[in-house]
$ cat input_12.txt   # compact mmCIF, C-alpha atoms
# COMPACT_ATOMS: atom_id res chain seq x y z
CA MET A 257 0.00 0.00 0.00
CA LEU A 258 2.89 2.39 0.80
CA VAL A 259 6.09 2.47 -1.24
CA ASN A 260 9.61 2.94 0.13
CA GLY A 261 11.34 5.97 -1.32
CA CYS A 262 8.08 7.74 -2.22
CA LEU A 263 8.05 11.07 -0.37
CA ALA A 264 4.26 11.02 0.06
CA CYS A 265 4.33 7.46 1.39
CA ASP A 266 7.17 8.42 3.74
CA GLU A 267 5.00 11.18 5.18
CA LEU A 268 2.00 8.85 5.46
CA ALA A 269 4.21 6.34 7.29
CA GLY A 270 5.34 9.05 9.71
CA LYS A 271 8.96 9.00 8.51
CA VAL A 272 8.72 12.60 7.29
CA ARG A 273 6.72 15.33 9.04
CA ALA A 274 5.26 18.30 7.17
CA PRO A 275 5.68 21.72 8.85
CA GLY A 276 2.79 22.02 11.30
CA GLY A 277 2.02 18.29 11.12
CA VAL A 278 -1.10 16.56 9.82
CA ILE A 279 -3.90 19.07 9.32
CA TYR A 280 -6.72 16.70 8.47
CA GLU A 281 -7.17 13.12 7.39
CA ASP A 282 -9.96 10.72 6.70
CA GLN A 283 -9.98 7.17 5.38
CA HIS A 284 -8.74 8.15 1.91
CA TRP A 285 -7.03 11.57 2.02
CA MET A 286 -4.58 13.54 4.14
CA VAL A 287 -3.98 17.30 4.20
CA SER A 288 -0.73 18.87 5.39
CA HIS A 289 1.63 21.70 4.54
CA ARG A 290 4.05 21.41 1.64
CA LEU A 291 7.35 20.01 2.76
CA GLY A 292 10.40 22.25 3.04
CA HIS A 293 11.26 25.16 5.33
CA ASP A 294 10.80 27.57 2.41
CA ALA A 295 7.16 26.64 1.69
CA VAL A 296 4.60 29.40 2.14
CA PRO A 297 2.38 28.85 5.20
CA GLY A 298 -1.08 27.80 4.07
CA HIS A 299 0.16 26.18 0.85
CA LEU A 300 -1.15 22.71 1.42
CA ILE A 301 -0.95 19.27 -0.13
CA LEU A 302 -3.92 16.94 -0.31
CA LYS A 303 -2.57 13.44 -0.78
CA LEU A 304 -4.12 10.03 -1.30
CA LYS A 305 -3.52 7.67 1.63
CA ARG A 306 -2.37 4.79 -0.55
CA HIS A 307 0.30 4.75 -3.21
CA CYS A 308 -1.39 5.26 -6.57
CA GLU A 309 0.05 7.32 -9.40
CA HIS A 310 -2.87 7.88 -11.76
CA LEU A 311 -6.12 9.78 -11.27
CA ALA A 312 -7.68 7.20 -13.57
CA GLU A 313 -7.04 4.56 -10.92
CA LEU A 314 -8.89 6.23 -8.05
CA THR A 315 -11.42 3.86 -6.51
CA PRO A 316 -15.08 5.00 -6.46
CA ALA A 317 -14.77 5.79 -2.73
CA GLU A 318 -11.58 7.81 -3.25
CA ALA A 319 -13.08 9.69 -6.19
CA ALA A 320 -16.28 10.47 -4.28
CA THR A 321 -14.36 12.00 -1.37
CA LEU A 322 -11.86 13.99 -3.46
CA GLY A 323 -14.22 16.89 -4.27
CA PRO A 324 -15.47 17.32 -0.70
CA MET A 325 -11.84 17.41 0.54
CA ILE A 326 -10.97 20.09 -2.05
CA GLN A 327 -14.10 22.04 -1.14
CA LYS A 328 -13.51 21.92 2.61
CA THR A 329 -9.80 22.76 2.38
CA SER A 330 -10.53 25.64 -0.02
CA SER A 331 -13.24 26.91 2.25
CA ALA A 332 -10.94 26.89 5.30
CA LEU A 333 -8.16 28.70 3.39
CA SER A 334 -10.54 31.26 1.88
CA LYS A 335 -11.82 32.14 5.32
CA LEU A 336 -8.64 32.02 7.39
CA LEU A 337 -6.15 33.48 4.90
CA ASN A 338 -8.60 35.72 3.09
CA ALA A 339 -7.65 34.06 -0.22
CA VAL A 340 -8.93 35.73 -3.39
CA LYS A 341 -8.85 32.35 -5.15
CA VAL A 342 -7.83 28.87 -4.11
CA TYR A 343 -6.06 26.80 -6.75
CA ALA A 344 -6.24 22.99 -6.78
CA ALA A 345 -3.82 21.22 -9.09
CA SER A 346 -2.46 17.71 -9.57
CA TYR A 347 0.53 16.89 -11.81
CA GLY A 348 2.37 14.10 -10.02
CA GLU A 349 5.63 14.21 -11.93
CA GLU A 350 8.35 14.82 -9.31
CA VAL A 351 6.39 12.77 -6.79
CA GLY A 352 4.23 10.31 -8.70
CA HIS A 353 1.91 9.54 -5.76
CA ILE A 354 -1.45 11.30 -6.34
CA HIS A 355 -1.52 14.69 -4.64
CA PHE A 356 -3.16 18.05 -5.22
CA PHE A 357 -1.48 21.36 -4.48
CA ILE A 358 -4.04 23.51 -2.68
CA ILE A 359 -2.76 27.06 -3.05
CA PRO A 360 -4.51 30.06 -1.53
CA ARG A 361 -3.86 32.98 -3.86
CA THR A 362 -3.96 36.05 -1.64
CA ALA A 363 -4.33 39.65 -2.83
CA ASP A 364 -0.58 40.32 -2.50
CA MET A 365 0.25 37.52 -4.98
CA PRO A 366 0.13 37.73 -8.78
CA ALA A 367 -2.75 35.84 -10.46
CA GLY A 368 -2.60 32.78 -12.71
CA ASN A 369 -0.71 29.52 -12.93
CA MET A 370 2.49 30.81 -14.56
CA ARG A 371 2.75 33.97 -12.44
CA VAL A 372 2.11 32.14 -9.16
CA LEU A 373 4.63 29.47 -10.14
CA LEU A 374 7.28 32.14 -10.79
CA TYR A 375 6.30 33.98 -7.58
CA LEU A 376 6.78 30.81 -5.53
CA ARG A 377 10.11 29.99 -7.19
CA LEU A 378 11.30 33.54 -6.44
CA HIS A 379 10.06 33.22 -2.86
CA THR A 380 12.12 30.05 -2.44
CA LEU A 381 15.18 31.62 -4.06
CA LEU A 382 15.02 34.70 -1.82
CA ILE A 383 14.77 32.53 1.29
CA ARG A 384 17.66 30.34 0.20
CA CYS A 385 19.76 33.45 -0.48
CA GLY A 386 18.89 34.83 2.96
CA LEU A 387 16.98 37.76 1.44
CA LYS A 388 13.59 36.78 2.82
CA ARG A 389 12.60 35.28 6.16
CA ALA A 390 11.12 31.78 6.10
CA ALA A 391 8.04 31.16 8.22
CA THR A 392 8.89 29.51 11.52
CA GLU A 393 7.62 26.12 12.63
CA VAL A 394 5.47 27.92 15.21
CA GLU A 395 3.84 30.11 12.53
CA ARG A 396 3.10 27.11 10.34
CA GLY A 397 1.82 25.17 13.32
CA HIS A 398 -0.51 28.02 14.20
CA ILE A 399 -1.99 28.09 10.67
CA ALA A 400 -2.16 24.28 10.56
CA GLU A 401 -4.16 24.26 13.82
CA ARG A 402 -6.63 26.87 12.62
CA VAL A 403 -7.12 25.20 9.20
CA SER A 404 -7.55 21.84 10.92
CA ALA A 405 -10.21 23.19 13.28
CA GLU A 406 -12.03 24.91 10.42
CA ILE A 407 -12.06 21.79 8.18
CA GLN A 408 -13.40 19.70 11.06
CA ARG A 409 -16.09 22.27 11.75
CA LEU A 410 -17.33 22.07 8.10
CA MET B 276 -27.44 30.70 -12.77
CA LEU B 277 -25.50 31.68 -15.93
CA VAL B 278 -23.75 35.03 -16.32
CA ASN B 279 -23.57 37.11 -19.47
CA GLY B 280 -20.01 37.74 -20.63
CA CYS B 281 -18.61 34.66 -18.82
CA LEU B 282 -17.00 32.44 -21.44
CA ALA B 283 -17.92 29.23 -19.60
CA CYS B 284 -21.53 30.36 -19.19
CA ASP B 285 -21.64 31.30 -22.88
CA GLU B 286 -20.60 27.76 -23.76
CA LEU B 287 -23.13 26.27 -21.34
CA ALA B 288 -25.82 28.46 -22.92
CA GLY B 289 -24.85 27.20 -26.39
CA LYS B 290 -23.58 30.61 -27.58
CA VAL B 291 -20.04 29.29 -27.97
CA ARG B 292 -19.15 25.78 -29.16
CA ALA B 293 -15.95 24.00 -28.16
CA PRO B 294 -14.10 22.16 -30.95
CA GLY B 295 -15.73 18.73 -31.19
CA GLY B 296 -18.76 19.85 -29.15
CA VAL B 297 -19.93 18.63 -25.75
CA ILE B 298 -18.09 15.45 -24.77
CA TYR B 299 -19.98 14.59 -21.62
CA GLU B 300 -22.32 16.23 -19.19
CA ASP B 301 -24.34 15.33 -16.16
CA GLN B 302 -26.41 17.39 -13.77
CA HIS B 303 -23.45 19.33 -12.38
CA TRP B 304 -20.50 19.14 -14.77
CA MET B 305 -19.69 19.40 -18.48
CA VAL B 306 -16.60 18.18 -20.34
CA SER B 307 -15.48 19.64 -23.67
CA HIS B 308 -12.32 20.61 -25.52
CA ARG B 309 -10.49 23.82 -24.69
CA LEU B 310 -11.73 26.66 -26.84
CA GLY B 311 -9.59 27.98 -29.67
CA HIS B 312 -8.40 26.48 -32.94
CA ASP B 313 -4.86 26.19 -31.53
CA ALA B 314 -5.82 23.98 -28.57
CA VAL B 315 -4.28 20.51 -28.51
CA PRO B 316 -6.82 17.75 -29.24
CA GLY B 317 -7.59 15.88 -26.03
CA HIS B 318 -6.87 18.88 -23.80
CA LEU B 319 -10.20 19.14 -22.09
CA ILE B 320 -12.04 21.46 -19.73
CA LEU B 321 -14.31 20.18 -16.98
CA LYS B 322 -16.62 23.00 -16.04
CA LEU B 323 -19.33 23.47 -13.44
CA LYS B 324 -22.80 23.85 -14.95
CA ARG B 325 -23.69 26.93 -12.91
CA HIS B 326 -21.76 30.13 -12.50
CA CYS B 327 -19.72 29.86 -9.31
CA GLU B 328 -16.20 31.23 -8.90
CA HIS B 329 -14.88 29.57 -5.76
CA LEU B 330 -14.18 25.91 -5.01
CA ALA B 331 -15.19 26.71 -1.44
CA GLU B 332 -18.73 27.36 -2.67
CA LEU B 333 -19.33 23.98 -4.35
CA THR B 334 -22.53 22.39 -3.08
CA PRO B 335 -22.26 18.94 -1.48
CA ALA B 336 -23.69 17.36 -4.67
CA GLU B 337 -21.24 19.23 -6.91
CA ALA B 338 -18.30 18.35 -4.66
CA ALA B 339 -19.30 14.68 -4.51
CA THR B 340 -19.40 14.39 -8.32
CA LEU B 341 -16.19 16.34 -9.02
CA GLY B 342 -13.80 13.47 -8.24
CA PRO B 343 -15.70 10.86 -10.27
CA MET B 344 -15.72 13.25 -13.26
CA ILE B 345 -11.95 13.79 -12.95
CA GLN B 346 -11.42 10.04 -12.58
CA LYS B 347 -13.55 9.09 -15.59
CA THR B 348 -12.14 11.79 -17.86
CA SER B 349 -8.58 10.87 -16.85
CA SER B 350 -9.30 7.22 -17.45
CA ALA B 351 -10.66 7.88 -20.94
CA LEU B 352 -7.67 10.06 -21.86
CA SER B 353 -5.14 7.60 -20.42
CA LYS B 354 -6.61 4.82 -22.52
CA LEU B 355 -7.35 6.63 -25.77
CA LEU B 356 -4.34 8.95 -25.98
CA ASN B 357 -1.92 6.70 -24.15
CA ALA B 358 -1.21 9.50 -21.66
CA VAL B 359 1.72 8.98 -19.30
CA LYS B 360 0.03 11.26 -16.74
CA VAL B 361 -3.20 13.20 -16.71
CA TYR B 362 -3.06 16.59 -15.00
CA ALA B 363 -6.13 18.15 -13.39
CA ALA B 364 -5.84 21.80 -12.40
CA SER B 365 -8.17 24.64 -11.45
CA TYR B 366 -7.04 28.28 -11.22
CA GLY B 367 -10.01 30.32 -12.46
CA GLU B 368 -8.29 33.63 -12.99
CA GLU B 369 -8.84 34.52 -16.66
CA VAL B 370 -12.25 32.87 -16.57
CA GLY B 371 -13.51 32.98 -12.98
CA HIS B 372 -16.19 30.29 -13.47
CA ILE B 373 -15.00 27.04 -11.82
CA HIS B 374 -13.24 24.81 -14.34
CA PHE B 375 -10.48 22.23 -14.32
CA PHE B 376 -7.98 21.80 -17.12
CA ILE B 377 -7.70 18.08 -17.79
CA ILE B 378 -4.42 17.67 -19.65
CA PRO B 379 -3.17 14.30 -20.94
CA ARG B 380 0.63 14.47 -20.76
CA THR B 381 1.81 12.15 -23.52
CA ALA B 382 5.32 10.71 -23.88
CA ASP B 383 6.29 13.31 -26.51
CA MET B 384 5.60 16.19 -24.10
CA PRO B 385 7.92 17.49 -21.38
CA ALA B 386 6.88 16.67 -17.79
CA GLY B 387 5.72 19.04 -15.06
CA ASN B 388 3.54 22.11 -14.69
CA MET B 389 6.04 24.76 -15.83
CA ARG B 390 7.40 22.72 -18.75
CA VAL B 391 3.97 21.73 -20.04
CA LEU B 392 2.79 25.32 -19.72
CA LEU B 393 5.75 26.51 -21.81
CA TYR B 394 5.24 23.65 -24.29
CA LEU B 395 1.60 24.64 -24.79
CA ARG B 396 2.44 28.34 -25.18
CA LEU B 397 5.06 27.42 -27.79
CA HIS B 398 2.54 25.14 -29.54
CA THR B 399 0.10 28.06 -29.79
CA LEU B 400 2.80 30.46 -30.97
CA LEU B 401 3.97 28.08 -33.70
CA ILE B 402 0.41 27.61 -34.96
CA ARG B 403 -0.24 31.35 -34.95
CA CYS B 404 2.99 31.93 -36.90
CA GLY B 405 2.00 29.25 -39.42
CA LEU B 406 4.91 27.02 -38.39
CA LYS B 407 2.75 24.18 -37.06
CA ARG B 408 -0.52 22.74 -38.30
CA ALA B 409 -3.54 23.11 -36.04
CA ALA B 410 -5.76 20.08 -35.57
CA THR B 411 -8.82 20.20 -37.78
CA GLU B 412 -12.39 20.27 -36.51
CA VAL B 413 -12.77 16.72 -37.86
CA GLU B 414 -9.76 15.49 -35.87
CA ARG B 415 -11.04 17.10 -32.68
CA GLY B 416 -14.52 15.75 -33.33
CA HIS B 417 -13.11 12.25 -33.76
CA ILE B 418 -11.29 12.43 -30.41
CA ALA B 419 -14.32 14.03 -28.73
CA GLU B 420 -16.54 11.17 -29.92
CA ARG B 421 -14.17 8.48 -28.67
CA VAL B 422 -13.62 10.17 -25.27
CA SER B 423 -17.37 10.65 -24.95
CA ALA B 424 -18.09 6.99 -25.65
CA GLU B 425 -15.38 5.88 -23.23
CA ILE B 426 -16.61 8.12 -20.38
CA GLN B 427 -20.15 6.86 -20.85
CA ARG B 428 -18.92 3.27 -20.82
CA LEU B 429 -17.23 3.80 -17.41
$ encode --input "input_12.txt" --output "structure tokens"
Amino acid sequence: MLVNGCLACDELAGKVRAPGGVIYEDQHWMVSHRLGHDAVPGHLILKLKRHCEHLAELTPAEAATLGPMIQKTSSALSKLLNAVKVYAASYGEEVGHIHFFIIPRTADMPAGNMRVLLYLRLHTLLIRCGLKRAATEVERGHIAERVSAEIQRL
Amino acid sequence: MLVNGCLACDELAGKVRAPGGVIYEDQHWMVSHRLGHDAVPGHLILKLKRHCEHLAELTPAEAATLGPMIQKTSSALSKLLNAVKVYAASYGEEVGHIHFFIIPRTADMPAGNMRVLLYLRLHTLLIRCGLKRAATEVERGHIAERVSAEIQRL
């Protein structure tokens, strides 16, 4: 069910911990922050709880719960981070295991796939060069707690 | 329910027709090709059948049917176009109306969000400069028919 060497499986197995820890999980899906100290707080990953690399291979139960997970996570981010839009996107190339990026696009960010992608790459570069402060574990944990409470309330 | 001047609503109202026509629709969602003569055949859009701009605002019935639509469309594209991966992504910035790009990433395409985005922009540019042939309406219609039949079979 889980595969050694798969980053998503490693997190599901508890070998890797996302900043702020597990935000929400049910039988089929888990929500947590993106990995890495340079990730923007509130930029979440929704990942399938078993190793599967193709959306085509979702079981009926997994498929039926995907939309509600996207809706609830988007709702929590819209409310808590005042997101103008929430993006939900699955590519699965660097990490093949099915996952969706759930990205709250706030008013201070540029709009659109390409611009947000460049914005996030620049954000990472600036942090790595010491030109921007990375969010602390406490800050991420605080957001994770609030998003978790909000999703469970929905 | 539909909004004048919204491109997705215009298509839902029958004022605009995607290449190849409607591929599949149910009570909540519609699948068709991307608009534009330069779109790659098989690059589809899954759009909500009412005007709503935020994933957070999906109704329980819309959310419950989103995943199965993504799964079925991905399955049809994987089989018919021999896609290595199928991407599913919702941004909703240029057209605010909720829609997911469903992109079959075939073996002749580069992998990953940024690379595929650049590949598709280049594809469009080459067609507009007359350096690449756009797919004909008949070719798109042929793919649309096969994807439609496959989704309905699932």
$ closest_atom_pairs --input "input_12.txt" --of "region 293-353 of chain B" --to "region 350-365 of chain A" --cutoff "12 Å" --atoms "all atoms listed in the file" --output "tab-separated table"
residue	atom	partner	partner_atom	distance
B:His329	CA	A:Pro360	CA	11.2
B:Leu330	CA	A:Ile358	CA	10.7
B:Ala331	CA	A:Pro360	CA	11.2
B:Gly342	CA	A:Phe356	CA	12.0
B:Gln346	CA	A:Ile354	CA	11.8
$ atom_distance --input "input_12.txt" --atom1 "CA of Glu286 (chain B)" --atom2 "CA of Ala363 (chain B)"
20.2 Å
$ residues_near_point --input "input_12.txt" --point "(-13.8, 9.6, 6.3)" --cutoff "10 Å" --atoms "all atoms listed in the file" --output "number ranges by chain"
A: 281-285, 317-318, 321, 325
$ residues_around --input "input_12.txt" --residues "Val315 (chain B)" --least-positions-apart "3" --cutoff "10 Å" --atoms "all atoms listed in the file" --output "ChimeraX atom specification"
/B:308-312,318-319,378-379,395,398-399,409-410,415
$ write_last_selection --input "input_12.txt" --atoms "C-alpha atoms" --output "PDB file, in the frame of the given file"
ATOM      1  CA  HIS B 308     -12.320  20.610 -25.520  1.00  0.00           C
ATOM      2  CA  ARG B 309     -10.490  23.820 -24.690  1.00  0.00           C
ATOM      3  CA  LEU B 310     -11.730  26.660 -26.840  1.00  0.00           C
ATOM      4  CA  GLY B 311      -9.590  27.980 -29.670  1.00  0.00           C
ATOM      5  CA  HIS B 312      -8.400  26.480 -32.940  1.00  0.00           C
ATOM      6  CA  HIS B 318      -6.870  18.880 -23.800  1.00  0.00           C
ATOM      7  CA  LEU B 319     -10.200  19.140 -22.090  1.00  0.00           C
ATOM      8  CA  ILE B 378      -4.420  17.670 -19.650  1.00  0.00           C
ATOM      9  CA  PRO B 379      -3.170  14.300 -20.940  1.00  0.00           C
ATOM     10  CA  LEU B 395       1.600  24.640 -24.790  1.00  0.00           C
ATOM     11  CA  HIS B 398       2.540  25.140 -29.540  1.00  0.00           C
ATOM     12  CA  THR B 399       0.100  28.060 -29.790  1.00  0.00           C
ATOM     13  CA  ALA B 409      -3.540  23.110 -36.040  1.00  0.00           C
ATOM     14  CA  ALA B 410      -5.760  20.080 -35.570  1.00  0.00           C
ATOM     15  CA  ARG B 415     -11.040  17.100 -32.680  1.00  0.00           C
TER      16      ARG B 415
END
$ closest_residue --input "input_12.txt" --among "A:Asp266, A:Glu395, A:Glu406, A:Glu401" --to "Ser331 (chain A)" --atoms "only C-alpha atoms"
A:Glu406
$ atom_distance --input "input_12.txt" --atom1 "CA of Leu314 (chain A)" --atom2 "CA of Ser330 (chain A)"
21.1 Å
$ atom_distance --input "input_12.txt" --atom1 "CA of Val259 (chain A)" --atom2 "CA of Lys303 (chain A)"
14.0 Å
$ residues_around --input "input_12.txt" --residues "Gln408 (chain A)" --least-positions-apart "5" --cutoff "9 Å" --atoms "all atoms listed in the file" --output "PyMOL selection string"
chain A and resi 280+328+403
$ residues_around --input "input_12.txt" --residues "Asn369 (chain A)" --least-positions-apart "3" --cutoff "12 Å" --atoms "all atoms listed in the file" --output "number ranges by chain"
A: 341-345, 357, 359, 361, 365-366, 372-376; B: 364-369, 376, 388-389, 391-393
$ write_last_selection --input "input_12.txt" --atoms "C-alpha atoms" --output "PDB file, keeping the file's coordinate frame"
ATOM      1  CA  LYS A 341      -8.850  32.350  -5.150  1.00  0.00           C
ATOM      2  CA  VAL A 342      -7.830  28.870  -4.110  1.00  0.00           C
ATOM      3  CA  TYR A 343      -6.060  26.800  -6.750  1.00  0.00           C
ATOM      4  CA  ALA A 344      -6.240  22.990  -6.780  1.00  0.00           C
ATOM      5  CA  ALA A 345      -3.820  21.220  -9.090  1.00  0.00           C
ATOM      6  CA  PHE A 357      -1.480  21.360  -4.480  1.00  0.00           C
ATOM      7  CA  ILE A 359      -2.760  27.060  -3.050  1.00  0.00           C
ATOM      8  CA  ARG A 361      -3.860  32.980  -3.860  1.00  0.00           C
ATOM      9  CA  MET A 365       0.250  37.520  -4.980  1.00  0.00           C
ATOM     10  CA  PRO A 366       0.130  37.730  -8.780  1.00  0.00           C
ATOM     11  CA  VAL A 372       2.110  32.140  -9.160  1.00  0.00           C
ATOM     12  CA  LEU A 373       4.630  29.470 -10.140  1.00  0.00           C
ATOM     13  CA  LEU A 374       7.280  32.140 -10.790  1.00  0.00           C
ATOM     14  CA  TYR A 375       6.300  33.980  -7.580  1.00  0.00           C
ATOM     15  CA  LEU A 376       6.780  30.810  -5.530  1.00  0.00           C
TER      16      LEU A 376
ATOM     17  CA  ALA B 364      -5.840  21.800 -12.400  1.00  0.00           C
ATOM     18  CA  SER B 365      -8.170  24.640 -11.450  1.00  0.00           C
ATOM     19  CA  TYR B 366      -7.040  28.280 -11.220  1.00  0.00           C
ATOM     20  CA  GLY B 367     -10.010  30.320 -12.460  1.00  0.00           C
ATOM     21  CA  GLU B 368      -8.290  33.630 -12.990  1.00  0.00           C
ATOM     22  CA  GLU B 369      -8.840  34.520 -16.660  1.00  0.00           C
ATOM     23  CA  PHE B 376      -7.980  21.800 -17.120  1.00  0.00           C
ATOM     24  CA  ASN B 388       3.540  22.110 -14.690  1.00  0.00           C
ATOM     25  CA  MET B 389       6.040  24.760 -15.830  1.00  0.00           C
ATOM     26  CA  VAL B 391       3.970  21.730 -20.040  1.00  0.00           C
ATOM     27  CA  LEU B 392       2.790  25.320 -19.720  1.00  0.00           C
ATOM     28  CA  LEU B 393       5.750  26.510 -21.810  1.00  0.00           C
TER      29      LEU B 393
END
$ closest_residue --input "input_12.txt" --among "B:Gly296, B:Val291, B:Arg390, B:Asp313" --to "Ile402 (chain B)" --atoms "all atoms listed in the file"
B:Asp313
$ closest_residue --input "input_12.txt" --among "A:Ala405, A:Ala274, A:Leu268, A:Ala320" --to "Pro297 (chain A)" --atoms "all atoms listed in the file"
A:Ala274
